[in-house]
>>> print(open('protein_0.txt').read())   # compact mmCIF, C-alpha atoms and all ligand atoms
# COMPACT_ATOMS: atom_id res chain seq x y z
CA MET Z 1 -221.25 77.64 -58.26
CA GLU Z 2 -220.06 75.41 -55.47
CA TYR Z 3 -220.69 76.39 -51.89
CA VAL Z 4 -218.25 75.42 -49.19
CA GLU Z 5 -218.24 75.97 -45.50
CA ASN Z 6 -216.10 78.79 -44.18
CA THR Z 7 -214.29 77.44 -41.12
CA GLN Z 8 -212.30 80.60 -40.57
CA SER Z 9 -214.64 82.56 -38.31
CA ASN Z 10 -216.66 81.32 -35.41
CA THR Z 11 -219.86 82.29 -37.17
CA GLU Z 12 -221.14 79.67 -39.59
CA VAL Z 13 -220.99 81.57 -42.84
CA LEU Z 14 -221.12 80.11 -46.31
CA ALA Z 15 -218.28 80.99 -48.62
CA LYS Z 16 -218.88 81.08 -52.34
CA GLU Z 17 -216.21 79.65 -54.60
CA THR Z 18 -214.58 82.28 -56.78
CA LEU Z 19 -212.30 81.61 -59.73
CA ILE Z 20 -208.83 83.08 -59.75
CA PHE Z 21 -206.47 82.81 -62.69
CA PRO Z 22 -202.80 82.40 -61.86
CA GLY Z 23 -200.38 82.37 -64.81
CA PHE Z 24 -197.98 79.45 -65.25
CA TYR Z 25 -194.57 80.12 -66.68
CA THR Z 26 -191.45 78.22 -67.49
CA THR Z 27 -188.15 78.95 -69.18
CA ASN Z 28 -184.89 77.39 -70.36
CA ILE Z 29 -183.99 75.33 -67.28
CA GLY Z 30 -180.61 74.36 -68.77
CA LYS Z 31 -179.54 77.99 -68.96
CA LEU Z 32 -180.83 78.67 -65.48
CA SER Z 33 -178.93 75.72 -64.05
CA SER Z 34 -175.72 76.94 -65.74
CA THR Z 35 -175.77 80.04 -63.49
CA ASP Z 36 -172.24 80.39 -62.13
CA THR Z 37 -173.00 80.88 -58.46
CA SER Z 38 -169.38 80.23 -57.34
CA SER Z 39 -167.92 83.31 -59.09
CA PHE Z 40 -170.59 85.42 -57.43
CA GLN Z 41 -170.67 83.58 -54.14
CA GLY Z 42 -170.85 86.77 -52.04
CA VAL Z 43 -174.09 88.08 -53.56
CA PHE Z 44 -175.73 84.64 -53.52
CA THR Z 45 -174.69 83.97 -49.93
CA THR Z 46 -176.12 87.31 -48.80
CA ALA Z 47 -179.37 86.82 -50.74
CA ILE Z 48 -179.90 83.26 -49.53
CA THR Z 49 -178.90 83.99 -45.93
CA ASN Z 50 -181.47 86.78 -45.86
CA LEU Z 51 -184.11 84.40 -47.21
CA LYS Z 52 -183.13 81.71 -44.68
CA ASN Z 53 -183.35 84.14 -41.80
CA ASP Z 54 -187.06 84.39 -42.57
CA TYR Z 55 -187.37 87.79 -40.92
CA THR Z 56 -191.12 87.97 -41.49
CA LYS Z 57 -191.93 84.45 -40.27
CA ASP Z 58 -194.04 85.66 -37.34
CA LYS Z 59 -195.46 88.71 -39.07
CA TYR Z 60 -198.44 87.22 -40.89
CA ILE Z 61 -200.65 86.54 -37.92
CA ARG Z 62 -204.30 87.50 -38.17
CA ASP Z 63 -204.77 89.45 -34.96
CA GLU Z 64 -207.92 90.61 -33.19
CA ARG Z 65 -208.51 93.31 -35.82
CA PHE Z 66 -209.80 90.55 -38.11
CA ASP Z 67 -212.29 89.26 -35.51
CA GLN Z 68 -215.25 91.07 -36.93
CA SER Z 69 -217.63 91.00 -39.84
CA TRP Z 70 -216.68 92.94 -42.97
CA ASP Z 71 -220.25 93.02 -44.24
CA HIS Z 72 -220.41 96.77 -43.59
CA ILE Z 73 -218.16 97.19 -46.65
CA GLN Z 74 -220.67 97.05 -49.45
CA GLY Z 75 -221.25 98.19 -53.02
CA GLU Z 76 -218.36 99.41 -55.13
CA ALA Z 77 -215.89 99.46 -52.22
CA ARG Z 78 -216.50 95.76 -51.59
CA GLU Z 79 -216.18 94.93 -55.29
CA LEU Z 80 -212.88 96.79 -55.48
CA ILE Z 81 -211.40 95.11 -52.41
CA VAL Z 82 -212.49 91.68 -53.61
CA LYS Z 83 -210.96 92.36 -57.03
CA LEU Z 84 -207.69 93.39 -55.36
CA LEU Z 85 -207.64 90.26 -53.18
CA GLU Z 86 -208.39 87.98 -56.12
CA MET Z 87 -205.76 89.60 -58.31
CA TYR Z 88 -203.02 89.37 -55.69
CA CYS Z 89 -204.08 85.89 -54.61
CA ALA Z 90 -203.65 84.70 -58.22
CA ALA Z 91 -200.25 86.41 -58.49
CA GLU Z 92 -198.99 84.88 -55.24
CA TYR Z 93 -200.12 81.40 -56.25
CA SER Z 94 -198.34 81.89 -59.60
CA GLY Z 95 -195.13 82.80 -57.79
CA PHE Z 96 -195.47 79.94 -55.32
CA LEU Z 97 -195.92 77.29 -58.03
CA LEU Z 98 -193.26 78.75 -60.30
CA TYR Z 99 -190.58 78.86 -57.60
CA LYS Z 100 -191.55 75.48 -56.20
CA GLU Z 101 -191.22 73.85 -59.61
CA LEU Z 102 -187.94 75.62 -60.39
CA SER Z 103 -186.54 74.50 -57.04
CA HIS Z 104 -187.51 70.94 -57.86
CA GLU Z 105 -186.09 71.05 -61.40
CA LEU Z 106 -182.76 72.52 -60.28
CA LYS Z 107 -182.30 70.21 -57.31
CA GLU Z 108 -179.76 67.94 -59.00
CA THR Z 109 -177.96 70.52 -61.13
CA ASN Z 110 -177.73 73.75 -59.13
CA SER Z 111 -178.33 73.40 -55.40
CA VAL Z 112 -177.73 77.10 -54.67
CA LEU Z 113 -180.50 78.23 -57.02
CA SER Z 114 -182.70 75.35 -55.94
CA ASP Z 115 -182.42 76.49 -52.29
CA GLY Z 116 -183.18 80.09 -53.21
CA PHE Z 117 -186.29 79.15 -55.18
CA SER Z 118 -187.48 76.86 -52.43
CA LEU Z 119 -187.19 79.64 -49.83
CA MET Z 120 -189.00 82.08 -52.10
CA SER Z 121 -191.81 79.61 -52.72
CA ARG Z 122 -192.23 79.39 -48.93
CA ASP Z 123 -192.81 83.18 -48.83
CA GLU Z 124 -195.22 83.18 -51.78
CA ALA Z 125 -197.21 80.31 -50.23
CA ARG Z 126 -197.49 82.33 -47.03
CA HIS Z 127 -198.68 85.38 -48.96
CA ALA Z 128 -201.20 83.32 -50.94
CA SER Z 129 -202.52 81.71 -47.78
CA PHE Z 130 -202.96 85.11 -46.11
CA LEU Z 131 -204.95 86.37 -49.11
CA ASN Z 132 -206.96 83.18 -49.15
CA LYS Z 133 -208.06 83.90 -45.58
CA ALA Z 134 -208.76 87.53 -46.45
CA LEU Z 135 -211.11 86.37 -49.21
CA LEU Z 136 -212.96 84.25 -46.65
CA ASP Z 137 -213.61 87.48 -44.72
CA PHE Z 138 -215.66 88.46 -47.78
CA HIS Z 139 -217.35 85.02 -47.94
CA LEU Z 140 -215.29 83.94 -50.93
CA LYS Z 141 -213.04 80.96 -51.33
CA PRO Z 142 -210.73 80.69 -54.34
CA GLY Z 143 -211.15 77.55 -56.43
CA LEU Z 144 -207.78 75.76 -56.30
CA GLY Z 145 -208.21 73.39 -59.23
CA PHE Z 146 -205.03 74.85 -60.76
CA LEU Z 147 -202.97 73.21 -58.02
CA LYS Z 148 -203.35 70.02 -60.04
CA LYS Z 149 -200.64 70.08 -62.67
CA GLU Z 150 -202.82 68.62 -65.41
CA HIS Z 151 -205.08 71.70 -65.19
CA ARG Z 152 -202.28 74.16 -65.95
CA LYS Z 153 -201.28 75.63 -69.28
CA TYR Z 154 -197.68 76.78 -69.24
CA ILE Z 155 -196.25 79.72 -71.13
CA PHE Z 156 -192.61 79.34 -72.14
CA LEU Z 157 -190.62 82.56 -71.78
CA PRO Z 158 -187.17 82.96 -73.37
CA PHE Z 159 -184.52 83.11 -70.67
CA SER Z 160 -183.77 86.86 -70.71
CA TRP Z 161 -187.52 87.70 -70.79
CA PHE Z 162 -188.13 85.40 -67.89
CA ILE Z 163 -185.32 86.73 -65.69
CA TYR Z 164 -185.82 90.44 -66.39
CA SER Z 165 -189.62 90.33 -66.12
CA THR Z 166 -189.68 88.22 -62.95
CA TYR Z 167 -186.97 90.37 -61.39
CA LEU Z 168 -188.89 93.54 -62.22
CA SER Z 169 -192.20 92.17 -61.01
CA GLU Z 170 -190.60 91.41 -57.61
CA ARG Z 171 -189.12 94.92 -57.38
CA ILE Z 172 -192.35 96.58 -58.54
CA SER Z 173 -194.57 94.66 -56.14
CA SER Z 174 -192.20 95.46 -53.28
CA CYS Z 175 -192.57 99.12 -54.16
CA TYR Z 176 -196.39 98.89 -54.51
CA TYR Z 177 -196.70 97.44 -51.03
CA ILE Z 178 -194.42 99.87 -49.21
CA THR Z 179 -195.97 102.90 -50.93
CA ILE Z 180 -199.46 101.87 -49.82
CA PHE Z 181 -198.23 100.98 -46.33
CA GLU Z 182 -196.51 104.33 -45.83
CA HIS Z 183 -199.45 106.24 -47.25
CA LEU Z 184 -201.92 104.52 -44.89
CA GLU Z 185 -199.59 105.05 -41.93
CA SER Z 186 -199.93 108.78 -42.46
CA HIS Z 187 -203.62 108.61 -43.54
CA PRO Z 188 -205.16 105.92 -41.29
CA GLU Z 189 -208.66 107.16 -42.15
CA TYR Z 190 -208.34 105.29 -45.48
CA SER Z 191 -207.31 102.02 -43.85
CA ILE Z 192 -210.60 100.22 -44.34
CA TYR Z 193 -209.29 96.67 -43.92
CA PRO Z 194 -206.29 95.46 -41.83
CA LEU Z 195 -204.57 93.61 -44.70
CA PHE Z 196 -202.71 96.77 -45.67
CA SER Z 197 -200.90 96.98 -42.33
CA PHE Z 198 -199.05 93.79 -43.35
CA TYR Z 199 -197.70 95.41 -46.50
CA LYS Z 200 -194.40 96.43 -44.89
CA SER Z 201 -193.42 92.81 -44.26
CA TRP Z 202 -194.81 91.89 -47.65
CA SER Z 203 -192.68 94.54 -49.33
CA GLU Z 204 -189.57 93.31 -47.50
CA ASP Z 205 -190.21 89.73 -48.65
CA GLU Z 206 -190.63 90.75 -52.30
CA ASN Z 207 -187.53 92.90 -52.08
CA ARG Z 208 -185.48 89.91 -50.89
CA HIS Z 209 -186.82 87.97 -53.88
CA GLY Z 210 -185.63 90.84 -56.08
CA ASP Z 211 -182.18 90.59 -54.46
CA PHE Z 212 -182.01 86.89 -55.31
CA PHE Z 213 -182.90 87.57 -58.96
CA GLY Z 214 -180.39 90.43 -58.92
CA ALA Z 215 -177.70 87.88 -58.02
CA VAL Z 216 -178.83 85.67 -60.93
CA ILE Z 217 -178.61 88.64 -63.33
CA LYS Z 218 -175.10 89.56 -62.14
CA SER Z 219 -173.87 86.02 -62.61
CA GLN Z 220 -175.41 85.57 -66.08
CA LEU Z 221 -172.99 87.66 -68.13
CA GLN Z 222 -175.25 87.73 -71.20
CA LEU Z 223 -177.78 89.59 -68.99
CA SER Z 224 -175.40 91.91 -67.20
CA ASN Z 225 -172.65 92.84 -69.69
CA GLY Z 226 -172.27 94.17 -73.20
CA LEU Z 227 -174.29 96.08 -75.76
CA LYS Z 228 -176.84 93.31 -76.36
CA ALA Z 229 -177.60 93.05 -72.64
CA ARG Z 230 -178.05 96.84 -72.44
CA LEU Z 231 -180.44 96.89 -75.40
CA VAL Z 232 -182.52 93.93 -74.23
CA CYS Z 233 -182.65 95.32 -70.71
CA LYS Z 234 -183.76 98.76 -71.95
CA PHE Z 235 -186.49 97.12 -74.01
CA PHE Z 236 -187.81 95.24 -70.96
CA LEU Z 237 -187.67 98.27 -68.74
CA LEU Z 238 -189.68 100.25 -71.29
CA LEU Z 239 -192.17 97.42 -71.74
CA ILE Z 240 -192.74 96.70 -68.05
CA PHE Z 241 -192.76 100.35 -66.99
CA SER Z 242 -195.28 101.15 -69.74
CA MET Z 243 -197.57 98.31 -68.68
CA THR Z 244 -197.25 99.44 -65.06
CA TYR Z 245 -198.03 103.06 -65.94
CA PHE Z 246 -201.09 102.10 -68.02
CA LYS Z 247 -202.59 100.43 -64.95
CA HIS Z 248 -203.51 103.85 -63.56
CA LYS Z 249 -206.38 103.90 -66.06
CA SER Z 250 -207.92 100.68 -64.76
CA ASN Z 251 -207.03 100.87 -61.05
CA TYR Z 252 -207.91 104.48 -60.28
CA LYS Z 253 -211.08 103.63 -58.33
CA LEU Z 254 -209.33 101.19 -56.03
CA LEU Z 255 -206.50 103.62 -55.36
CA ALA Z 256 -208.97 106.46 -54.79
CA LEU Z 257 -210.65 104.24 -52.18
CA LEU Z 258 -207.28 104.19 -50.37
CA GLY Z 259 -206.90 107.94 -50.81
CA LEU Z 260 -204.31 107.75 -53.58
CA ASP Z 261 -204.17 109.41 -56.98
CA ALA Z 262 -203.58 106.54 -59.41
CA ARG Z 263 -201.33 108.38 -61.87
CA GLU Z 264 -199.16 109.85 -59.13
CA TYR Z 265 -198.97 106.46 -57.43
CA TYR Z 266 -197.74 104.64 -60.54
CA VAL Z 267 -195.34 107.42 -61.54
CA SER Z 268 -193.79 107.43 -58.07
CA THR Z 269 -193.61 103.61 -58.05
CA ILE Z 270 -191.79 103.55 -61.40
CA ARG Z 271 -189.38 106.29 -60.26
CA LYS Z 272 -188.58 104.40 -57.03
CA VAL Z 273 -188.11 101.10 -58.87
CA ASN Z 274 -185.91 102.71 -61.51
CA ASN Z 275 -183.65 104.06 -58.76
CA SER Z 276 -183.55 100.81 -56.80
CA ILE Z 277 -182.49 98.57 -59.71
CA ARG Z 278 -179.28 100.36 -60.67
CA LYS Z 279 -177.27 97.96 -58.55
CA ASP Z 280 -178.48 94.90 -60.47
CA LEU Z 281 -179.03 95.84 -64.11
CA PRO Z 282 -176.63 96.82 -66.90
CA VAL Z 283 -178.74 99.88 -67.64
CA VAL Z 284 -181.60 101.96 -66.20
CA ILE Z 285 -183.85 104.44 -67.96
CA ASP Z 286 -183.38 108.17 -67.78
CA LEU Z 287 -187.08 108.91 -67.25
CA GLU Z 288 -186.67 112.67 -67.68
CA GLU Z 289 -184.59 112.53 -70.85
CA LEU Z 290 -187.02 110.08 -72.45
CA GLN Z 291 -190.05 112.00 -71.13
CA LEU Z 292 -191.47 108.56 -70.62
CA PHE Z 293 -194.73 109.51 -68.91
CA GLU Z 294 -195.50 112.30 -71.39
CA GLU Z 295 -194.85 109.92 -74.29
CA LEU Z 296 -197.07 107.25 -72.73
CA ASP Z 297 -199.83 109.82 -72.22
CA ILE Z 298 -199.75 110.41 -75.99
CA CYS Z 299 -200.21 106.66 -76.52
CA LEU Z 300 -203.12 106.59 -74.07
CA LEU Z 301 -204.81 109.43 -75.90
CA HIS Z 302 -204.65 107.55 -79.19
CA ILE Z 303 -205.68 104.25 -77.60
CA SER Z 304 -208.76 105.99 -76.23
CA GLU Z 305 -209.55 107.50 -79.68
CA ASN Z 306 -209.39 103.98 -81.14
CA GLU Z 307 -211.72 102.71 -78.43
CA LYS Z 308 -214.23 105.40 -79.35
CA ILE Z 309 -214.01 104.31 -83.00
CA ASN Z 310 -214.50 100.68 -81.96
CA ILE Z 311 -217.84 101.40 -80.32
CA SER Z 312 -219.10 103.57 -83.18
CA ASN Z 313 -221.69 102.22 -85.62
CA GLN Z 314 -219.46 102.39 -88.69
CA ASN Z 315 -218.54 99.35 -90.75
CA THR Z 316 -215.33 97.43 -90.01
CA LEU Z 317 -213.35 98.75 -92.98
CA LEU Z 318 -214.14 102.38 -92.22
CA LYS Z 319 -213.26 101.84 -88.55
CA LEU Z 320 -209.91 100.36 -89.56
CA ILE Z 321 -209.13 103.28 -91.88
CA ARG Z 322 -209.96 105.78 -89.14
CA LYS Z 323 -207.77 103.92 -86.65
CA ILE Z 324 -204.65 103.86 -88.85
CA PRO Z 325 -203.40 107.39 -87.95
CA HIS Z 326 -203.77 106.58 -84.25
CA TYR Z 327 -201.87 103.31 -84.60
CA SER Z 328 -199.17 105.14 -86.58
CA THR Z 329 -198.71 107.74 -83.85
CA ILE Z 330 -198.47 105.02 -81.19
CA LEU Z 331 -195.88 103.21 -83.31
CA LEU Z 332 -193.88 106.43 -83.72
CA VAL Z 333 -193.86 106.97 -79.96
CA ILE Z 334 -192.63 103.41 -79.39
CA LEU Z 335 -189.87 103.86 -81.98
CA ARG Z 336 -188.87 107.20 -80.45
CA LEU Z 337 -188.59 105.60 -77.02
CA LEU Z 338 -186.54 102.71 -78.35
CA ILE Z 339 -184.21 104.73 -80.56
CA ARG Z 340 -183.46 107.63 -78.25
CA SER Z 341 -180.63 106.77 -75.89
CA GLY Z 342 -182.45 107.71 -72.67
CA THR Z 343 -180.42 105.45 -70.45
CA ALA Z 344 -178.29 106.08 -67.42
FE FE N 1 -195.41 87.39 -52.76
FE FE N 2 -192.06 87.45 -54.64
>>> encode(input="protein_0.txt", output="structure tokens")
Amino acid sequence: MEYVENTQSNTEVLAKETLIFPGFYTTNIGKLSSTDTSSFQGVFTTAITNLKNDYTKDKYIRDERFDQSWDHIQGEARELIVKLLEMYCAAEYSGFLLYKELSHELKETNSVLSDGFSLMSRDEARHASFLNKALLDFHLKPGLGFLKKEHRKYIFLPFSWFIYSTYLSERISSCYYITIFEHLESHPEYSIYPLFSFYKSWSEDENRHGDFFGAVIKSQLQLSNGLKARLVCKFFLLLIFSMTYFKHKSNYKLLALLGLDAREYYVSTIRKVNNSIRKDLPVVIDLEELQLFEELDICLLHISENEKINISNQNTLLKLIRKIPHYSTILLVILRLLIRSGTA
């Protein structure tokens, strides 16, 4: 472990380097650059003007509430907060690098998209920097070796995957932030660290990023029109909503620390996101008709049965045989969700 000096506070404290793991993604740049921004000039102009206005420019200022030691937060609470900061720090760095590189790659071929990505990378850099400083409050400093391009391993995502999943991650994170902000506004006793009071601005930034991707979706007809677009979109909504819902199993302690019930929190987030994306996508899910959460609970039950089998002392073959019925049920649920119409 490398030890570096923390210059953030006036007390000379040593910060320990911690590793964070941003993901690096890329996609078909040719298809992205072919986005017809002129036929959808109105939506692009609105999205980019809102980004240019930089409404939250002066919002991320560490005020006097940060001028104190956070060493009174110890044990599990400290571990949970550090895990949250590391996770979001990695995600913000991912977004910053992705948008910065896309802006650069599109500079010559699509100046409208290039401008949008550049403005979004500005926001993500600001978010990452804020989290970086928050980690220093806990005597941790993220290792930034990944900023060197040669240290990154890129994952190529097909175009529709890339656009739908990035769009949804912007909308979902916007919803995460505002839900926590509003909850802590009405339950300040759970506000154990001032970071959360910045979540309103954070949510607004991510929402503007969602608006920009919404404009890209509208202008890419293979993503916004026709049966194929509806099917692919439904598949991604199911996939991303399922992954989001499953997080309640791993994040329940952190959310309990903030006074939130994890399952309720994720269900309400998915409902809000599903309602907010109608304006951009060719299809949204009818959560009630599909009984999505009930179906996913069935999957969770069988996943947990398989985990129990995994840790048993039986031999590998016997374990596999015992797991087959659980895998089959999970597969049936997935097929049911895909085949049933369940869209609105
Ligand atoms: Fe961000
Ligand atoms: Fe974002």
>>> residues_around(input="protein_0.txt", residues="segment 246-256 of chain Z", least_positions_apart="4", cutoff="10 Å", atoms="only C-alpha atoms", output="list in words")
Glu76, Ala77, Glu79, Leu80, Ile81, Lys83, Leu84, Ile180, Tyr190, Ile240, Phe241, Ser242, Leu260, Asp261, Ala262, Arg263, Glu264, Tyr265, Tyr266, Val267, Phe293, Leu296, Asp297, Cys299 and Leu300 of chain Z
>>> closest_atom_pairs(input="protein_0.txt", of="chain Z", to="ligand FE 1 (chain N)", cutoff="6 Å", atoms="only C-alpha atoms and all ligand atoms", output="Markdown table")
| residue | atom | partner | partner_atom | distance |
| --- | --- | --- | --- | --- |
| Z:Glu92 | CA | N:FE1 | FE | 5.0 |
| Z:Glu124 | CA | N:FE1 | FE | 4.3 |
| Z:His127 | CA | N:FE1 | FE | 5.4 |
| Z:Glu206 | CA | N:FE1 | FE | 5.9 |
>>> write_last_selection(input="protein_0.txt", atoms="C-alpha atoms", output="PDB file, in the coordinates of the input")
ATOM      1  CA  GLU Z  92    -198.990  84.880 -55.240  1.00  0.00           C
ATOM      2  CA  GLU Z 124    -195.220  83.180 -51.780  1.00  0.00           C
ATOM      3  CA  HIS Z 127    -198.680  85.380 -48.960  1.00  0.00           C
ATOM      4  CA  GLU Z 206    -190.630  90.750 -52.300  1.00  0.00           C
TER       5      GLU Z 206
END
>>> atom_distance(input="protein_0.txt", atom1="atom CA of Phe117 of chain Z", atom2="atom CA of Leu102 of chain Z")
6.5 Å
>>> residues_near_point(input="protein_0.txt", point="(-189.1, 83.6, -66.6)", cutoff="10 Å", atoms="all atoms listed in the file", output="list in words")
Phe24, Tyr25, Thr26, Thr27, Asn28, Ile29, Leu32, Leu98, Ile155, Phe156, Leu157, Pro158, Phe159, Ser160, Trp161, Phe162, Ile163, Tyr164, Ser165, Thr166 and Tyr167 of chain Z
>>> residues_near_ligand(input="protein_0.txt", ligand="ligand FE 2 (chain N)", cutoff="9 Å", atoms="only C-alpha atoms and all ligand atoms", output="ChimeraX atom specification")
/Z:92,95-96,120-121,123-124,127,166-167,169-171,173-174,202-203,205-210
>>> closest_residue(input="protein_0.txt", among="Z:Leu135, Z:Glu288, Z:Ala128, Z:Lys31", to="Gln222 of chain Z", atoms="only C-alpha atoms")
Z:Lys31
>>> closest_residue(input="protein_0.txt", among="Z:Tyr193, Z:Phe198, Z:Tyr154, Z:Phe181", to="Val82 of chain Z", atoms="all atoms listed in the file")
Z:Tyr193
>>> atom_distance(input="protein_0.txt", atom1="atom CA of His139 of chain Z", atom2="atom CA of Gly23 of chain Z")
24.1 Å
>>> residues_around(input="protein_0.txt", residues="Ser111 of chain Z", least_positions_apart="6", cutoff="12 Å", atoms="only C-alpha atoms", output="count of residues only")
15
>>> closest_residue(input="protein_0.txt", among="Z:Leu301, Z:Ile178, Z:Leu317, Z:Leu290", to="Thr343 of chain Z", atoms="only C-alpha atoms")
Z:Leu290
>>> atom_distance(input="protein_0.txt", atom1="atom CA of Lys279 of chain Z", atom2="atom CA of Gly116 of chain Z")
19.6 Å
>>> residues_around(input="protein_0.txt", residues="Gly214 of chain Z", least_positions_apart="2", cutoff="8 Å", atoms="all atoms listed in the file", output="PyMOL selection string")
chain Z and resi 167+210-212+216-218+280-281
>>> closest_residue(input="protein_0.txt", among="Z:Arg126, Z:Arg336, Z:Lys57, Z:Lys323", to="Glu295 of chain Z", atoms="only C-alpha atoms")
Z:Arg336
>>> closest_residue(input="protein_0.txt", among="Z:Ile298, Z:Leu51, Z:Ala215, Z:Leu113", to="Leu331 of chain Z", atoms="all atoms listed in the file")
Z:Ile298
>>> closest_residue(input="protein_0.txt", among="Z:Asn275, Z:Thr56, Z:Gln220, Z:Ser201", to="Ile172 of chain Z", atoms="all atoms listed in the file")
Z:Asn275
>>> residues_near_point(input="protein_0.txt", point="(-186.4, 100.9, -73.3)", cutoff="7 Å", atoms="all atoms listed in the file", output="list of chain:residue names")
Z:Lys234, Z:Phe235, Z:Phe236, Z:Leu237, Z:Leu238, Z:Leu239, Z:Ile285, Z:Leu337, Z:Leu338
